[in-house]
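Data block for my_file_10.txt (compact mmCIF, C-alpha atoms and all ligand atoms):
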```txt
# COMPACT_ATOMS: atom_id res chain seq x y z
CA MET A 24 -36.87 -14.13 -38.01
CA LYS A 25 -37.01 -11.20 -35.57
CA PRO A 26 -33.63 -10.34 -34.01
CA VAL A 27 -33.06 -11.26 -30.36
CA ASN A 28 -32.91 -8.24 -28.06
CA ILE A 29 -30.18 -8.10 -25.49
CA GLY A 30 -29.54 -5.67 -22.66
CA LEU A 31 -26.08 -4.79 -21.40
CA LEU A 32 -25.60 -4.10 -17.72
CA GLY A 33 -22.43 -2.04 -17.92
CA LEU A 34 -20.75 -0.44 -20.90
CA GLY A 35 -17.20 -0.28 -19.57
CA THR A 36 -14.16 -2.17 -20.88
CA VAL A 37 -15.97 -5.48 -21.45
CA GLY A 38 -19.34 -3.96 -22.42
CA GLN A 39 -17.72 -1.88 -25.15
CA GLY A 40 -15.87 -4.95 -26.40
CA VAL A 41 -19.18 -6.82 -26.67
CA ALA A 42 -20.84 -3.92 -28.49
CA ASN A 43 -17.94 -3.62 -30.95
CA ILE A 44 -17.90 -7.35 -31.72
CA LEU A 45 -21.66 -7.50 -32.22
CA VAL A 46 -21.49 -4.65 -34.73
CA ARG A 47 -18.32 -5.70 -36.57
CA ASN A 48 -19.16 -9.41 -36.86
CA ALA A 49 -22.94 -9.09 -37.06
CA THR A 50 -23.23 -11.14 -40.27
CA GLU A 51 -20.98 -14.00 -39.11
CA ILE A 52 -22.68 -14.09 -35.72
CA GLU A 53 -26.15 -14.21 -37.28
CA ARG A 54 -25.04 -17.06 -39.57
CA ARG A 55 -23.97 -18.98 -36.45
CA ALA A 56 -26.84 -18.10 -34.14
CA GLY A 57 -29.60 -18.37 -36.74
CA ARG A 58 -30.97 -14.96 -35.72
CA GLY A 59 -29.80 -11.41 -35.61
CA ILE A 60 -28.72 -10.04 -32.23
CA GLN A 61 -29.33 -6.44 -31.33
CA VAL A 62 -28.42 -4.44 -28.25
CA LYS A 63 -31.69 -2.82 -27.17
CA LEU A 64 -30.42 -0.95 -24.13
CA ALA A 65 -27.22 -0.58 -22.11
CA SER A 66 -26.87 0.76 -18.61
CA VAL A 67 -24.04 3.16 -17.89
CA ARG A 68 -22.76 4.65 -14.67
CA LYS A 69 -22.02 8.07 -16.15
CA GLN A 70 -24.52 9.20 -18.76
CA GLY A 71 -22.94 11.09 -21.61
CA LYS A 72 -19.33 10.10 -20.97
CA ASN A 73 -19.20 6.88 -22.94
CA LEU A 74 -19.10 5.46 -26.42
CA ALA A 75 -22.80 4.67 -26.55
CA GLY A 76 -23.37 7.34 -29.18
CA THR A 77 -20.65 6.10 -31.53
CA LEU A 78 -21.79 2.52 -31.01
CA GLY A 79 -25.39 3.53 -31.74
CA ILE A 80 -26.66 2.07 -28.49
CA GLU A 81 -29.45 3.56 -26.40
CA THR A 82 -28.31 3.96 -22.79
CA THR A 83 -29.91 4.40 -19.41
CA GLY A 84 -28.60 5.27 -15.99
CA ASP A 85 -31.13 2.85 -14.48
CA PRO A 86 -30.11 -0.84 -14.77
CA GLN A 87 -33.57 -1.87 -13.50
CA ALA A 88 -34.94 -0.63 -16.82
CA ILE A 89 -33.01 -3.43 -18.52
CA VAL A 90 -33.96 -6.36 -16.28
CA ASN A 91 -37.60 -5.25 -16.33
CA ASP A 92 -37.84 -4.58 -20.08
CA PRO A 93 -40.27 -7.19 -21.48
CA GLU A 94 -38.66 -6.92 -24.93
CA ILE A 95 -35.20 -7.93 -23.69
CA ASP A 96 -34.57 -11.70 -23.85
CA ILE A 97 -30.95 -11.86 -22.71
CA VAL A 98 -29.21 -9.76 -20.07
CA CYS A 99 -25.40 -9.51 -20.07
CA GLU A 100 -24.01 -8.43 -16.71
CA MET A 101 -20.60 -6.77 -16.98
CA MET A 102 -20.74 -4.38 -14.04
CA GLY A 103 -18.69 -6.44 -11.59
CA GLY A 104 -19.01 -6.25 -7.83
CA GLU A 105 -21.53 -8.01 -5.62
CA GLN A 106 -24.36 -5.47 -5.54
CA PRO A 107 -26.37 -4.35 -7.36
CA ALA A 108 -25.23 -7.08 -9.81
CA LEU A 109 -26.69 -9.92 -7.71
CA ASP A 110 -30.10 -8.31 -7.29
CA LEU A 111 -30.25 -7.40 -10.97
CA ILE A 112 -29.38 -10.93 -12.07
CA MET A 113 -31.95 -12.44 -9.69
CA THR A 114 -34.60 -10.03 -11.00
CA ALA A 115 -33.73 -10.89 -14.61
CA ILE A 116 -33.99 -14.63 -13.83
CA LYS A 117 -37.35 -14.16 -12.15
CA GLN A 118 -38.55 -12.24 -15.23
CA GLY A 119 -37.65 -15.31 -17.32
CA LYS A 120 -34.62 -13.73 -18.96
CA HIS A 121 -31.43 -15.61 -19.76
CA VAL A 122 -28.32 -14.15 -18.19
CA ILE A 123 -24.67 -13.99 -19.19
CA THR A 124 -22.25 -12.78 -16.58
CA ALA A 125 -18.57 -11.92 -16.55
CA ASN A 126 -18.75 -11.64 -12.77
CA LYS A 127 -16.53 -14.38 -11.31
CA ALA A 128 -16.93 -13.19 -7.72
CA LEU A 129 -20.68 -13.38 -8.02
CA ILE A 130 -20.67 -16.90 -9.49
CA ALA A 131 -18.02 -18.14 -7.03
CA ILE A 132 -19.83 -16.76 -3.98
CA HIS A 133 -23.53 -16.80 -4.97
CA GLY A 134 -23.53 -19.25 -7.87
CA ASN A 135 -25.32 -22.06 -6.04
CA GLU A 136 -28.36 -19.84 -5.34
CA ILE A 137 -28.20 -18.20 -8.79
CA PHE A 138 -28.24 -21.57 -10.58
CA GLU A 139 -31.00 -22.88 -8.36
CA ALA A 140 -33.13 -19.84 -9.26
CA ALA A 141 -32.25 -20.27 -12.94
CA ARG A 142 -33.33 -23.92 -12.80
CA GLN A 143 -36.63 -23.02 -11.19
CA HIS A 144 -37.35 -20.41 -13.86
CA GLY A 145 -36.09 -22.50 -16.78
CA VAL A 146 -33.44 -20.00 -17.89
CA ILE A 147 -29.75 -20.22 -18.72
CA VAL A 148 -27.06 -18.44 -16.72
CA ALA A 149 -23.86 -18.56 -18.77
CA PHE A 150 -20.48 -17.46 -17.41
CA GLU A 151 -17.71 -18.19 -19.95
CA PRO A 152 -16.30 -14.64 -19.61
CA ALA A 153 -15.94 -15.08 -15.84
CA VAL A 154 -12.92 -17.40 -16.12
CA ALA A 155 -9.75 -16.75 -18.10
CA GLY A 156 -11.20 -13.94 -20.24
CA GLY A 157 -11.16 -14.97 -23.89
CA ILE A 158 -10.17 -18.64 -23.42
CA PRO A 159 -13.23 -20.88 -23.88
CA ILE A 160 -12.21 -22.89 -20.82
CA ILE A 161 -15.70 -23.36 -19.38
CA LYS A 162 -16.93 -24.90 -22.62
CA ALA A 163 -13.79 -27.02 -22.93
CA VAL A 164 -14.02 -28.48 -19.42
CA ARG A 165 -17.80 -28.68 -19.20
CA GLU A 166 -18.47 -30.03 -22.68
CA GLY A 167 -15.24 -30.90 -24.49
CA LEU A 168 -13.91 -33.09 -21.67
CA SER A 169 -17.21 -34.62 -20.60
CA ALA A 170 -15.95 -38.13 -21.43
CA ASN A 171 -13.18 -37.82 -18.87
CA ARG A 172 -12.63 -38.20 -15.19
CA ILE A 173 -10.64 -35.04 -14.44
CA ASP A 174 -7.82 -35.62 -11.94
CA TRP A 175 -6.48 -32.10 -11.56
CA LEU A 176 -6.18 -28.76 -13.21
CA ALA A 177 -3.66 -26.00 -12.72
CA GLY A 178 -3.99 -22.56 -14.19
CA ILE A 179 -2.50 -19.13 -14.52
CA ILE A 180 -5.89 -17.48 -14.21
CA ASN A 181 -5.06 -13.92 -13.27
CA GLY A 182 -3.55 -11.88 -16.08
CA THR A 183 -2.51 -8.97 -13.88
CA GLY A 184 -0.56 -11.20 -11.49
CA ASN A 185 1.13 -13.01 -14.36
CA PHE A 186 1.96 -9.71 -16.06
CA ILE A 187 3.56 -8.45 -12.84
CA LEU A 188 5.57 -11.65 -12.19
CA SER A 189 6.70 -11.84 -15.83
CA GLU A 190 7.83 -8.20 -15.98
CA MET A 191 9.60 -8.45 -12.62
CA ALA A 192 11.45 -11.60 -13.71
CA ALA A 193 12.34 -10.44 -17.22
CA LYS A 194 13.08 -6.77 -16.68
CA GLY A 195 13.61 -6.38 -12.95
CA ARG A 196 10.78 -3.84 -12.91
CA ASP A 197 9.25 -2.56 -9.73
CA PHE A 198 6.04 -4.24 -8.48
CA SER A 199 3.96 -1.04 -8.23
CA ASP A 200 5.16 0.28 -11.58
CA VAL A 201 3.99 -2.88 -13.38
CA LEU A 202 0.71 -2.90 -11.46
CA ALA A 203 0.00 0.70 -12.55
CA GLU A 204 0.54 -0.32 -16.18
CA ALA A 205 -1.83 -3.31 -15.81
CA GLN A 206 -4.47 -0.97 -14.37
CA ALA A 207 -4.04 1.49 -17.24
CA LEU A 208 -4.45 -1.37 -19.74
CA GLY A 209 -7.75 -2.36 -18.11
CA TYR A 210 -6.59 -5.80 -16.86
CA ALA A 211 -6.63 -5.19 -13.14
CA GLU A 212 -9.67 -5.42 -10.87
CA ALA A 213 -11.10 -2.22 -9.39
CA ASP A 214 -9.36 -3.31 -6.18
CA PRO A 215 -5.97 -4.61 -7.38
CA GLU A 216 -5.57 -6.55 -4.12
CA PHE A 217 -7.98 -9.02 -5.70
CA ASP A 218 -5.34 -9.67 -8.35
CA VAL A 219 -2.12 -9.68 -6.34
CA GLU A 220 -3.47 -11.46 -3.27
CA GLY A 221 -5.03 -14.23 -5.35
CA ILE A 222 -8.70 -13.54 -4.57
CA ASP A 223 -9.63 -13.12 -8.24
CA ALA A 224 -7.81 -16.37 -9.08
CA ALA A 225 -9.61 -18.09 -6.17
CA HIS A 226 -12.97 -16.98 -7.59
CA LYS A 227 -12.05 -18.52 -10.95
CA LEU A 228 -10.61 -21.68 -9.39
CA THR A 229 -13.84 -22.18 -7.42
CA ILE A 230 -15.76 -22.21 -10.71
CA LEU A 231 -13.29 -24.47 -12.52
CA ALA A 232 -13.19 -26.99 -9.67
CA SER A 233 -16.96 -27.18 -9.59
CA ILE A 234 -17.32 -27.95 -13.30
CA ALA A 235 -14.31 -30.28 -13.28
CA PHE A 236 -15.33 -32.44 -10.32
CA GLY A 237 -19.09 -31.92 -10.04
CA ILE A 238 -18.92 -30.29 -6.61
CA PRO A 239 -20.88 -27.28 -5.34
CA LEU A 240 -19.20 -23.87 -5.60
CA GLN A 241 -17.29 -23.26 -2.37
CA PHE A 242 -15.14 -20.15 -2.55
CA ASP A 243 -14.56 -20.04 1.23
CA ALA A 244 -12.76 -23.39 1.10
CA VAL A 245 -10.04 -22.20 -1.30
CA PHE A 246 -6.62 -21.67 0.28
CA THR A 247 -5.28 -18.37 -1.09
CA GLU A 248 -1.82 -16.86 -0.97
CA GLY A 249 -0.74 -13.85 -3.06
CA ILE A 250 2.42 -12.80 -4.86
CA SER A 251 3.20 -9.62 -2.97
CA LYS A 252 5.79 -11.33 -0.73
CA ILE A 253 7.82 -12.91 -3.54
CA LEU A 254 11.37 -11.55 -3.36
CA PRO A 255 13.63 -11.07 -6.39
CA GLU A 256 16.11 -13.55 -4.86
CA ASP A 257 13.44 -16.28 -4.84
CA VAL A 258 12.92 -15.69 -8.57
CA THR A 259 16.71 -15.96 -9.11
CA PHE A 260 17.24 -19.03 -6.90
CA ALA A 261 14.26 -20.77 -8.51
CA GLU A 262 15.81 -20.11 -11.92
CA GLU A 263 19.15 -21.56 -10.78
CA LEU A 264 17.32 -24.73 -9.80
CA GLY A 265 15.53 -24.89 -13.18
CA TYR A 266 12.16 -23.47 -12.11
CA ARG A 267 9.94 -20.45 -12.81
CA ILE A 268 7.61 -18.95 -10.23
CA LYS A 269 4.01 -18.64 -11.38
CA HIS A 270 0.85 -17.78 -9.47
CA LEU A 271 -1.20 -20.94 -9.95
CA GLY A 272 -4.71 -21.98 -9.07
CA ILE A 273 -4.69 -25.73 -8.46
CA ALA A 274 -7.65 -28.06 -7.99
CA ARG A 275 -6.73 -31.69 -7.40
CA ARG A 276 -8.92 -34.67 -6.69
CA ARG A 277 -7.48 -37.18 -4.22
CA THR A 278 -9.01 -40.29 -2.74
CA ASP A 279 -9.43 -38.54 0.63
CA GLY A 280 -10.75 -35.19 -0.66
CA ILE A 281 -10.08 -32.23 -2.90
CA GLU A 282 -7.27 -29.70 -2.78
CA LEU A 283 -8.28 -26.16 -3.76
CA ARG A 284 -5.36 -23.76 -3.61
CA VAL A 285 -4.02 -20.56 -5.11
CA HIS A 286 -0.40 -19.68 -4.40
CA PRO A 287 2.93 -18.81 -5.99
CA THR A 288 4.36 -22.07 -7.32
CA LEU A 289 7.72 -23.20 -8.65
CA ILE A 290 7.20 -25.05 -11.95
CA PRO A 291 9.93 -26.77 -14.00
CA GLU A 292 11.03 -24.31 -16.66
CA ASN A 293 10.51 -26.87 -19.43
CA GLN A 294 6.77 -27.09 -18.71
CA LEU A 295 4.78 -25.23 -21.34
CA ILE A 296 2.79 -23.40 -18.67
CA ALA A 297 6.00 -22.08 -17.08
CA ASN A 298 6.51 -20.12 -20.29
CA VAL A 299 3.15 -18.37 -20.27
CA ASN A 300 4.04 -14.73 -19.77
CA GLY A 301 2.52 -11.28 -19.63
CA VAL A 302 -1.24 -10.95 -19.31
CA MET A 303 -1.79 -14.34 -20.95
CA ASN A 304 -3.63 -17.06 -19.06
CA ALA A 305 -3.32 -20.83 -19.40
CA VAL A 306 -5.09 -23.78 -17.85
CA LEU A 307 -3.56 -27.25 -17.84
CA VAL A 308 -6.01 -30.11 -17.30
CA GLN A 309 -5.08 -33.70 -16.45
CA SER A 310 -7.83 -36.14 -17.22
CA ASP A 311 -7.89 -39.90 -17.70
CA ALA A 312 -8.92 -40.44 -21.31
CA VAL A 313 -7.23 -37.60 -23.17
CA GLY A 314 -4.31 -37.07 -20.77
CA GLN A 315 -3.02 -33.51 -20.48
CA THR A 316 -4.59 -30.67 -22.43
CA MET A 317 -3.69 -27.01 -22.16
CA TYR A 318 -5.76 -23.95 -23.00
CA TYR A 319 -3.93 -20.70 -23.61
CA GLY A 320 -4.97 -17.16 -24.48
CA PRO A 321 -5.68 -13.64 -23.28
CA GLY A 322 -7.19 -13.75 -19.80
CA ALA A 323 -8.53 -10.21 -19.75
CA GLY A 324 -9.19 -7.20 -21.92
CA SER A 325 -12.06 -5.66 -23.81
CA GLU A 326 -12.58 -7.81 -26.91
CA PRO A 327 -11.03 -11.05 -25.56
CA THR A 328 -13.54 -11.06 -22.68
CA GLY A 329 -16.19 -9.67 -25.05
CA SER A 330 -15.52 -12.69 -27.30
CA SER A 331 -16.58 -15.02 -24.47
CA VAL A 332 -19.69 -12.95 -23.73
CA VAL A 333 -20.74 -13.05 -27.38
CA ALA A 334 -20.05 -16.81 -27.61
CA ASP A 335 -22.39 -17.29 -24.65
CA ILE A 336 -25.01 -15.06 -26.34
CA VAL A 337 -24.81 -17.28 -29.45
CA ASP A 338 -25.20 -20.42 -27.28
CA VAL A 339 -28.23 -18.96 -25.53
CA VAL A 340 -29.85 -17.86 -28.82
CA ARG A 341 -29.39 -21.37 -30.25
CA ALA A 342 -30.99 -22.84 -27.12
CA LEU A 343 -33.93 -20.41 -26.88
CA THR A 344 -36.45 -22.91 -28.19
CA THR A 345 -35.06 -25.96 -26.35
CA ASP A 346 -36.64 -27.64 -23.35
CA PRO A 347 -34.83 -26.39 -20.20
CA GLY A 348 -34.47 -29.95 -18.88
CA HIS A 349 -32.35 -30.92 -21.87
CA ARG A 350 -29.84 -28.09 -21.87
CA VAL A 351 -26.18 -28.33 -20.83
CA PRO A 352 -26.22 -28.25 -17.00
CA HIS A 353 -24.87 -24.98 -15.61
CA LEU A 354 -22.14 -26.70 -13.59
CA ALA A 355 -21.45 -29.50 -16.10
CA PHE A 356 -23.04 -32.22 -13.95
CA GLN A 357 -26.79 -32.69 -13.55
CA PHE A 358 -27.88 -30.57 -10.59
CA ASP A 359 -28.97 -33.61 -8.54
CA ALA A 360 -25.64 -35.35 -9.26
CA LEU A 361 -23.39 -32.73 -7.65
CA SER A 362 -21.52 -34.40 -4.80
CA ASP A 363 -20.08 -32.64 -1.82
CA GLN A 364 -16.58 -33.99 -1.20
CA PRO A 365 -14.34 -32.82 1.65
CA VAL A 366 -12.00 -29.98 0.81
CA LEU A 367 -8.60 -30.70 2.36
CA LYS A 368 -6.94 -28.31 4.81
CA PRO A 369 -3.49 -26.82 3.96
CA ASP A 370 -1.70 -29.20 6.37
CA GLU A 371 -3.09 -32.07 4.31
CA PHE A 372 -1.88 -30.72 0.94
CA GLU A 373 0.67 -32.87 -0.84
CA SER A 374 3.35 -31.02 -2.76
CA ALA A 375 7.09 -30.55 -3.00
CA TYR A 376 8.48 -27.49 -1.20
CA TYR A 377 11.13 -24.81 -1.72
CA LEU A 378 12.60 -23.48 1.51
CA ARG A 379 14.97 -20.53 1.82
CA LEU A 380 16.77 -19.86 5.07
CA GLU A 381 19.79 -18.00 6.38
CA ALA A 382 22.24 -20.18 8.34
CA GLU A 383 25.54 -19.63 10.11
CA ASP A 384 28.48 -20.59 7.92
CA LYS A 385 30.13 -23.19 10.16
CA PRO A 386 30.56 -26.97 10.37
CA GLY A 387 27.64 -29.09 11.54
CA VAL A 388 24.88 -26.61 10.67
CA MET A 389 23.77 -28.43 7.52
CA ALA A 390 23.95 -31.75 9.37
CA SER A 391 21.57 -30.55 12.07
CA ILE A 392 19.12 -29.24 9.45
CA MET A 393 19.30 -32.53 7.54
CA GLY A 394 18.80 -34.42 10.79
CA ILE A 395 15.44 -32.72 11.29
CA PHE A 396 14.27 -33.59 7.77
CA GLY A 397 15.52 -37.16 8.22
CA ALA A 398 13.71 -37.65 11.53
CA LEU A 399 10.45 -36.44 9.96
CA GLY A 400 10.93 -38.73 6.95
CA ILE A 401 11.18 -35.85 4.45
CA SER A 402 13.38 -36.55 1.42
CA ILE A 403 15.45 -33.73 -0.02
CA GLU A 404 15.64 -33.31 -3.78
CA ALA A 405 18.25 -30.51 -3.99
CA ILE A 406 20.30 -28.18 -1.82
CA LEU A 407 21.85 -24.91 -2.89
CA GLN A 408 24.20 -23.03 -0.61
CA LYS A 409 25.03 -19.51 -1.77
CA GLU A 410 27.98 -17.22 -1.07
CA PRO A 411 28.01 -15.61 2.38
CA SER A 412 25.49 -12.77 2.67
CA ASN A 413 27.92 -10.80 4.88
CA PRO A 414 31.44 -12.07 4.00
CA ASP A 415 33.26 -9.48 6.12
CA ALA A 416 31.37 -10.21 9.33
CA GLN A 417 32.94 -12.41 12.00
CA ASP A 418 29.92 -14.76 12.07
CA SER A 419 29.06 -14.84 8.40
CA THR A 420 25.80 -16.41 7.26
CA VAL A 421 24.81 -18.07 4.01
CA PRO A 422 21.47 -18.40 2.21
CA VAL A 423 20.51 -22.07 1.96
CA ILE A 424 17.84 -23.22 -0.48
CA LEU A 425 16.30 -26.67 -0.17
CA LEU A 426 13.86 -28.51 -2.38
CA THR A 427 11.93 -31.36 -0.78
CA ARG A 428 10.32 -34.30 -2.54
CA THR A 429 6.52 -34.56 -2.39
CA VAL A 430 5.37 -34.60 1.21
CA ARG A 431 2.42 -33.56 3.39
CA GLU A 432 2.48 -29.86 4.12
CA GLY A 433 1.95 -30.39 7.84
CA LEU A 434 5.27 -32.26 8.05
CA VAL A 435 7.12 -29.47 6.25
CA LYS A 436 5.65 -26.94 8.66
CA ASP A 437 6.91 -29.12 11.57
CA ALA A 438 10.35 -29.14 9.99
CA ILE A 439 10.27 -25.34 9.56
CA LYS A 440 9.33 -24.90 13.21
CA GLN A 441 12.18 -27.13 14.39
CA ILE A 442 14.77 -25.62 12.02
CA SER A 443 13.74 -22.08 12.99
CA ALA A 444 14.45 -22.99 16.61
CA LEU A 445 18.11 -23.85 15.83
CA ASP A 446 20.53 -21.19 17.10
CA SER A 447 22.45 -21.46 13.83
CA VAL A 448 19.44 -20.44 11.73
CA ILE A 449 18.73 -16.73 11.52
CA GLY A 450 15.39 -15.05 10.79
CA GLN A 451 12.33 -16.43 9.03
CA ILE A 452 12.27 -19.40 6.70
CA SER A 453 10.48 -18.76 3.38
CA MET A 454 8.36 -21.57 1.97
CA LEU A 455 6.98 -21.89 -1.55
CA ARG A 456 5.24 -24.88 -3.09
CA VAL A 457 6.72 -26.75 -6.04
CA GLU A 458 4.66 -28.67 -8.60
CA SER A 459 6.09 -30.84 -11.37
CA LEU A 460 2.65 -30.94 -13.10
CA ASN A 461 3.39 -34.36 -14.54
N1 LIG B 501 -8.23 -8.81 -13.15
C1 LIG B 501 -8.42 -9.96 -13.95
C2 LIG B 501 -7.07 -10.45 -14.44
C3 LIG B 501 -9.32 -9.63 -15.12
O1 LIG B 501 -6.09 -9.72 -14.32
O2 LIG B 501 -6.98 -11.57 -14.90
C4 LIG B 501 -9.93 -10.81 -15.77
O3 LIG B 501 -10.71 -11.55 -14.89
```
Represent the supplied structure as structure tokens.
Amino acid sequence: MKPVNIGLLGLGTVGQGVANILVRNATEIERRAGRGIQVKLASVRKQGKNLAGTLGIETTGDPQAIVNDPEIDIVCEMMGGEQPALDLIMTAIKQGKHVITANKALIAIHGNEIFEAARQHGVIVAFEPAVAGGIPIIKAVREGLSANRIDWLAGIINGTGNFILSEMAAKGRDFSDVLAEAQALGYAEADPEFDVEGIDAAHKLTILASIAFGIPLQFDAVFTEGISKILPEDVTFAEELGYRIKHLGIARRRTDGIELRVHPTLIPENQLIANVNGVMNAVLVQSDAVGQTMYYGPGAGSEPTGSSVVADIVDVVRALTTDPGHRVPHLAFQFDALSDQPVLKPDEFESAYYLRLEAEDKPGVMASIMGIFGALGISIEAILQKEPSNPDAQDSTVPVILLTRTVREGLVKDAIKQISALDSVIGQISMLRVESLN
């Protein structure tokens, strides 16, 4: 049978990974797909300064040439960014081409309209490479767990952020030094703020929550907090209490709505996911029939992400002759069965909390702090009082670290407000969320 022609929008880190895999594993891939797969054309930003020649791929500086080429059946978008990627994908869909995209921002923000257009034109839009790089997490949640009611999922879904936190914790390295290394290795986004402020993780969480719970994509509803304000002492105190700090994306279904949140989180050190280090990603899923499952692997990089692109190409090739109405739904649930459930506000989140404050070292201070928690009905799990921060001063102060039991976030914020108002408490109170993940 004639090989299937694909077009690559972008021949950067991921595009080159795809091209390499397709050449190296051509025979195995053809045995799986049932047809040969050949790259007909790739678009590049800078003509001449790429590996297209060594990969034997014809290139163009005009991406429109790919989405308008009648001989190309499948378009793989690996350019990133909102435009022109969105327009190119919409054009490809309208031309009846199947699309594979690694662009998590695009799916998280414009996915609802993209999938609607794909449905109208009877084409597939696949996006495995958009979440957790090389881990086949979309397939696992959308297809492998389709017997289950999924209760929650929690993931380390940004490799750069995890690399930074891991290096800082293990080697005491400087934040910017580790970030520069992640950029050089090709893990970081063009704008690294996307990584360290949690925006990239929020894009991925939006997609995971949608396929886990059958809700529309709603990136704007995700609560997002980054890792740039984590202090080395928080890492140390967390360790003393038996926890590691990880940047988690959490989607949890409750009876009154859904929590969608990305933030630094203390996790018990004996949890498998607390030991996921470096650029590796992991997603832990709690569902009713199977219980907990965890998916681990490289969350970024040329061939790991390329592996997910090629897996999607194989899926599309296998489905080329199938009736569009009988394919796997883009967002796991049939399009008319997606249900819009309320997304809960941060004050409604339920979690345990780590608080760090600086208090005067004198009798009665702890009692007044405890009195505030008691009056609000907040139970305390652990208290750690450290050596005086300024032992030689007349009014010495001590760092106090408190862990609460699970409570509504609004109540904890009330407690913080009241404790901050005490004369014996100095400066700002730091708050981090704690999840047992049981
Ligand atoms: N910047 C992303 C990360 C790349 O570090 O995980 C993969 O999406």
CA of Glu105 in chain A to CA of Ala355 in chain A, distance in Å rounded to a single decimal: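 Computed distance, CA of Glu105 in chain A to CA of Ala355 in chain A, equals 23.9 Å.
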Let me have all residues with an atom within 9 Å of ligand LIG 501 (chain B), counting only C-alpha atoms and all ligand atoms, laid out as a PDB file with C-alpha atoms, in the coordinates of the input.
```pdb
ATOM      1  CA  ALA A 125     -18.570 -11.920 -16.550  1.00  0.00           C
ATOM      2  CA  ASN A 126     -18.750 -11.640 -12.770  1.00  0.00           C
ATOM      3  CA  LYS A 127     -16.530 -14.380 -11.310  1.00  0.00           C
ATOM      4  CA  PRO A 152     -16.300 -14.640 -19.610  1.00  0.00           C
ATOM      5  CA  ALA A 153     -15.940 -15.080 -15.840  1.00  0.00           C
ATOM      6  CA  VAL A 154     -12.920 -17.400 -16.120  1.00  0.00           C
ATOM      7  CA  ALA A 155      -9.750 -16.750 -18.100  1.00  0.00           C
ATOM      8  CA  GLY A 156     -11.200 -13.940 -20.240  1.00  0.00           C
ATOM      9  CA  ILE A 179      -2.500 -19.130 -14.520  1.00  0.00           C
ATOM     10  CA  ILE A 180      -5.890 -17.480 -14.210  1.00  0.00           C
ATOM     11  CA  ASN A 181      -5.060 -13.920 -13.270  1.00  0.00           C
ATOM     12  CA  GLY A 182      -3.550 -11.880 -16.080  1.00  0.00           C
ATOM     13  CA  THR A 183      -2.510  -8.970 -13.880  1.00  0.00           C
ATOM     14  CA  GLY A 184      -0.560 -11.200 -11.490  1.00  0.00           C
ATOM     15  CA  ASN A 185       1.130 -13.010 -14.360  1.00  0.00           C
ATOM     16  CA  PHE A 186       1.960  -9.710 -16.060  1.00  0.00           C
ATOM     17  CA  ALA A 205      -1.830  -3.310 -15.810  1.00  0.00           C
ATOM     18  CA  GLN A 206      -4.470  -0.970 -14.370  1.00  0.00           C
ATOM     19  CA  GLY A 209      -7.750  -2.360 -18.110  1.00  0.00           C
ATOM     20  CA  TYR A 210      -6.590  -5.800 -16.860  1.00  0.00           C
ATOM     21  CA  ALA A 211      -6.630  -5.190 -13.140  1.00  0.00           C
ATOM     22  CA  GLU A 212      -9.670  -5.420 -10.870  1.00  0.00           C
ATOM     23  CA  ALA A 213     -11.100  -2.220  -9.390  1.00  0.00           C
ATOM     24  CA  ASP A 214      -9.360  -3.310  -6.180  1.00  0.00           C
ATOM     25  CA  PRO A 215      -5.970  -4.610  -7.380  1.00  0.00           C
ATOM     26  CA  PHE A 217      -7.980  -9.020  -5.700  1.00  0.00           C
ATOM     27  CA  ASP A 218      -5.340  -9.670  -8.350  1.00  0.00           C
ATOM     28  CA  VAL A 219      -2.120  -9.680  -6.340  1.00  0.00           C
ATOM     29  CA  ASP A 223      -9.630 -13.120  -8.240  1.00  0.00           C
ATOM     30  CA  ALA A 224      -7.810 -16.370  -9.080  1.00  0.00           C
ATOM     31  CA  LYS A 227     -12.050 -18.520 -10.950  1.00  0.00           C
ATOM     32  CA  VAL A 302      -1.240 -10.950 -19.310  1.00  0.00           C
ATOM     33  CA  MET A 303      -1.790 -14.340 -20.950  1.00  0.00           C
ATOM     34  CA  ASN A 304      -3.630 -17.060 -19.060  1.00  0.00           C
ATOM     35  CA  PRO A 321      -5.680 -13.640 -23.280  1.00  0.00           C
ATOM     36  CA  GLY A 322      -7.190 -13.750 -19.800  1.00  0.00           C
ATOM     37  CA  ALA A 323      -8.530 -10.210 -19.750  1.00  0.00           C
ATOM     38  CA  GLY A 324      -9.190  -7.200 -21.920  1.00  0.00           C
ATOM     39  CA  THR A 328     -13.540 -11.060 -22.680  1.00  0.00           C
TER      40      THR A 328
END
```
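For the pair CA of Leu343 in chain A and CA of Lys120 in chain A, the separation is 10.4 Å.
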Cut-off 9 Å around (-9.0, -14.1, -5.0) with all atoms listed in the file: residues as an NGL selection string: :A and (128 or 216-228 or 242 or 245 or 247-249 or 285)
Between CA of Ala261 in chain A and CA of Ser453 in chain A, distance in Å (one decimal): 12.6 Å
Neighbour list for Ser391 in chain A as a PyMOL selection string, cut-off 12 Å, only C-alpha atoms, skip fewer than 3 positions in-chain: chain A and resi 382-383+385-388+394-398+438+441-448
Using only C-alpha atoms: which of A:Ile281, A:Met113, A:Val46, A:Ile158 has the shortest distance to Ser330 in chain A: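 Closest to Ser330 in chain A of all the choices is A:Ile158.
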Long-range neighbours of Gly280 in chain A as an NGL selection string, 10 Å cut-off, only C-alpha atoms, 2 positions minimum in chain: :A and (275-278 or 282-283 or 363-368 or 371)
Given only C-alpha atoms as the counted atoms, nearest of A:Leu32, A:Leu202, A:Ile238, A:Ile336 to Phe150 in chain A: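 Looking at the shortest contact to Phe150 in chain A, the residue is A:Ile336.
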Selection near Ala360 in chain A, 12 Å with only C-alpha atoms, sequence-local residues under 5 positions removed, as a PyMOL selection string: chain A and resi 233-234+236-239+352+354-355
